[in-house]
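Visitor: One structure, pasted below without further comment.
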Amino acid sequence: MVDIDGNHIHRAALNARVRSVAIKLDIKYFHFHCLRHTFVSTLIENDINPSVVKELVRYGDIKTTLDIYTHVKKENKREVLDKVFGRGKER
């Protein structure tokens, strides 16, 4: 892992920092890897090409990227259903 300037970040140091922030925020279950899921899901939600997402997270298989690391929010499902079935529109 590297920071924005390309400097190496030790995984243990990053994990320790994430753990300390989670404790301060009273988050019971959280680790650095959760950020990977959030990153992938956010990119997909913003219509980034899945092949680009796969490259950004350095997976060889797009199926892994899409099946394991993307999560659909309730708000997104509700928005799609409202759009398709016209919730709030006159019938």
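Simple scheme: letters A, B, ... for chains in structure tokens order, numbers from 1 for residues in each chain, numbers from 1 for ligands in the order shown.
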Just want the 9 Å neighbourhood of range 29-42 of chain A, counted on only C-alpha atoms, with same-chain residues fewer than 6 positions away dropped. Output as a PyMOL selection string.
Guide: chain A and resi 11+14-15+18-19+22+48+53-54+56-57+65-66+68-72
Visitor: Identify which of the residues A:Lys73, A:His10, A:Lys28, A:Arg78 lies closest to Ile44 in chain A, counting only C-alpha atoms when measuring atom-to-atom distances.
Guide: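 Going through A:Lys73, A:His10, A:Lys28, A:Arg78 one by one, the smallest distance to Ile44 in chain A is for A:Lys73.
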Visitor: Determine which residues of range 3-81 of chain A receive a DSSP assignment of helix (DSSP H, G or I), computed from the backbone, and state them as a ChimeraX atom specification.
Guide: /A:11-24,32-45,50-56,62-69,74-81
Visitor: Write a file of the just-selected residues containing N, CA and C atoms, as a compact mmCIF listing (two decimals), in the first residue's frame.
Guide:
# COMPACT_ATOMS: atom_id res chain seq x y z
N ARG A 11 1.11 -2.13 6.46
CA ARG A 11 -0.24 -2.62 6.74
C ARG A 11 -0.54 -2.63 8.24
N ALA A 12 0.40 -3.05 9.04
CA ALA A 12 0.19 -3.12 10.50
C ALA A 12 -0.10 -1.74 11.07
N ALA A 13 0.61 -0.73 10.59
CA ALA A 13 0.39 0.64 11.07
C ALA A 13 -1.00 1.13 10.68
N LEU A 14 -1.40 0.84 9.46
CA LEU A 14 -2.72 1.25 9.00
C LEU A 14 -3.82 0.53 9.78
N ASN A 15 -3.65 -0.79 9.98
CA ASN A 15 -4.64 -1.55 10.75
C ASN A 15 -4.76 -1.03 12.17
N ALA A 16 -3.64 -0.69 12.78
CA ALA A 16 -3.66 -0.16 14.16
C ALA A 16 -4.41 1.17 14.20
N ARG A 17 -4.19 2.01 13.22
CA ARG A 17 -4.87 3.32 13.18
C ARG A 17 -6.38 3.14 12.98
N VAL A 18 -6.74 2.26 12.07
CA VAL A 18 -8.16 2.00 11.82
C VAL A 18 -8.83 1.45 13.07
N ARG A 19 -8.16 0.52 13.76
CA ARG A 19 -8.71 -0.05 15.00
C ARG A 19 -8.93 1.04 16.05
N SER A 20 -7.95 1.94 16.19
CA SER A 20 -8.08 2.98 17.22
C SER A 20 -9.24 3.93 16.90
N VAL A 21 -9.42 4.26 15.64
CA VAL A 21 -10.55 5.12 15.25
C VAL A 21 -11.88 4.40 15.49
N ALA A 22 -11.94 3.11 15.15
CA ALA A 22 -13.17 2.33 15.37
C ALA A 22 -13.52 2.29 16.85
N ILE A 23 -12.52 2.13 17.71
CA ILE A 23 -12.77 2.10 19.16
C ILE A 23 -13.30 3.45 19.62
N LYS A 24 -12.69 4.54 19.16
CA LYS A 24 -13.14 5.88 19.54
C LYS A 24 -14.57 6.15 19.10
N PHE A 32 -9.62 -2.85 8.40
CA PHE A 32 -9.20 -2.19 7.17
C PHE A 32 -9.85 -2.78 5.93
N HIS A 33 -10.02 -4.08 5.91
CA HIS A 33 -10.57 -4.74 4.72
C HIS A 33 -12.01 -4.27 4.41
N CYS A 34 -12.74 -3.82 5.42
CA CYS A 34 -14.09 -3.29 5.18
C CYS A 34 -14.04 -2.10 4.22
N LEU A 35 -12.96 -1.35 4.27
CA LEU A 35 -12.82 -0.19 3.38
C LEU A 35 -12.76 -0.62 1.92
N ARG A 36 -12.21 -1.79 1.66
CA ARG A 36 -12.13 -2.31 0.29
C ARG A 36 -13.53 -2.55 -0.27
N HIS A 37 -14.41 -3.12 0.54
CA HIS A 37 -15.79 -3.34 0.13
C HIS A 37 -16.47 -2.00 -0.17
N THR A 38 -16.27 -1.03 0.72
CA THR A 38 -16.88 0.29 0.53
C THR A 38 -16.35 0.96 -0.74
N PHE A 39 -15.06 0.87 -0.96
CA PHE A 39 -14.44 1.46 -2.14
C PHE A 39 -15.04 0.89 -3.42
N VAL A 40 -15.09 -0.44 -3.52
CA VAL A 40 -15.62 -1.09 -4.71
C VAL A 40 -17.09 -0.75 -4.90
N SER A 41 -17.88 -0.84 -3.85
CA SER A 41 -19.32 -0.54 -3.95
C SER A 41 -19.55 0.90 -4.39
N THR A 42 -18.77 1.83 -3.84
CA THR A 42 -18.93 3.24 -4.20
C THR A 42 -18.58 3.48 -5.67
N LEU A 43 -17.53 2.85 -6.15
CA LEU A 43 -17.18 3.00 -7.56
C LEU A 43 -18.29 2.46 -8.47
N ILE A 44 -18.80 1.29 -8.15
CA ILE A 44 -19.87 0.68 -8.96
C ILE A 44 -21.12 1.55 -8.91
N GLU A 45 -21.48 2.06 -7.73
CA GLU A 45 -22.66 2.93 -7.60
C GLU A 45 -22.52 4.18 -8.46
N PRO A 50 -16.84 -1.72 -14.53
CA PRO A 50 -16.34 -2.80 -13.66
C PRO A 50 -14.92 -3.26 -13.98
N SER A 51 -14.52 -3.18 -15.23
CA SER A 51 -13.14 -3.56 -15.58
C SER A 51 -12.13 -2.59 -14.97
N VAL A 52 -12.49 -1.33 -14.91
CA VAL A 52 -11.62 -0.33 -14.28
C VAL A 52 -11.56 -0.59 -12.77
N VAL A 53 -12.71 -0.87 -12.18
CA VAL A 53 -12.76 -1.17 -10.74
C VAL A 53 -11.87 -2.37 -10.44
N LYS A 54 -11.99 -3.41 -11.24
CA LYS A 54 -11.17 -4.62 -11.06
C LYS A 54 -9.69 -4.27 -11.07
N GLU A 55 -9.28 -3.42 -11.99
CA GLU A 55 -7.87 -3.02 -12.08
C GLU A 55 -7.46 -2.20 -10.86
N LEU A 56 -8.33 -1.31 -10.40
CA LEU A 56 -8.00 -0.47 -9.24
C LEU A 56 -7.79 -1.29 -7.98
N ILE A 62 -12.94 -10.44 -12.60
CA ILE A 62 -14.00 -9.45 -12.40
C ILE A 62 -15.16 -10.04 -11.59
N LYS A 63 -15.36 -11.34 -11.69
CA LYS A 63 -16.44 -12.00 -10.94
C LYS A 63 -16.22 -11.83 -9.43
N THR A 64 -14.99 -11.96 -8.98
CA THR A 64 -14.68 -11.74 -7.56
C THR A 64 -15.02 -10.32 -7.16
N THR A 65 -14.59 -9.39 -8.00
CA THR A 65 -14.85 -7.97 -7.71
C THR A 65 -16.34 -7.71 -7.56
N LEU A 66 -17.13 -8.20 -8.50
CA LEU A 66 -18.56 -7.90 -8.50
C LEU A 66 -19.34 -8.75 -7.50
N ASP A 67 -19.01 -10.02 -7.36
CA ASP A 67 -19.79 -10.90 -6.50
C ASP A 67 -19.48 -10.74 -5.02
N ILE A 68 -18.24 -10.46 -4.69
CA ILE A 68 -17.85 -10.42 -3.28
C ILE A 68 -17.75 -9.00 -2.74
N TYR A 69 -17.25 -8.08 -3.54
CA TYR A 69 -16.93 -6.76 -3.01
C TYR A 69 -17.95 -5.67 -3.29
N LYS A 74 -29.91 -0.35 0.63
CA LYS A 74 -31.37 -0.33 0.60
C LYS A 74 -31.88 0.89 -0.17
N GLU A 75 -31.21 2.02 0.03
CA GLU A 75 -31.65 3.26 -0.64
C GLU A 75 -31.58 3.11 -2.16
N ASN A 76 -30.55 2.41 -2.65
CA ASN A 76 -30.41 2.22 -4.09
C ASN A 76 -31.53 1.34 -4.64
N LYS A 77 -31.85 0.28 -3.90
CA LYS A 77 -32.94 -0.60 -4.35
C LYS A 77 -34.26 0.15 -4.35
N ARG A 78 -34.50 0.93 -3.30
CA ARG A 78 -35.74 1.70 -3.20
C ARG A 78 -35.84 2.71 -4.34
N GLU A 79 -34.73 3.38 -4.63
CA GLU A 79 -34.71 4.38 -5.70
C GLU A 79 -35.03 3.75 -7.06
N VAL A 80 -34.46 2.60 -7.33
CA VAL A 80 -34.72 1.91 -8.59
C VAL A 80 -36.18 1.49 -8.69
N LEU A 81 -36.71 0.91 -7.63
CA LEU A 81 -38.11 0.48 -7.65
C LEU A 81 -39.05 1.66 -7.81
Visitor: How many Å separate CA of Asp5 in chain A from CA of Ile27 in chain A?
Guide: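 If I compute the distance from CA of Asp5 in chain A to CA of Ile27 in chain A, I get 29.4 Å.
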Visitor: Quick one: distance from CA of Asp26 in chain A to CA of Ile9 in chain A in Å, one decimal?
Guide: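 Interatomic distance, CA of Asp26 in chain A to CA of Ile9 in chain A: 25.1 Å.
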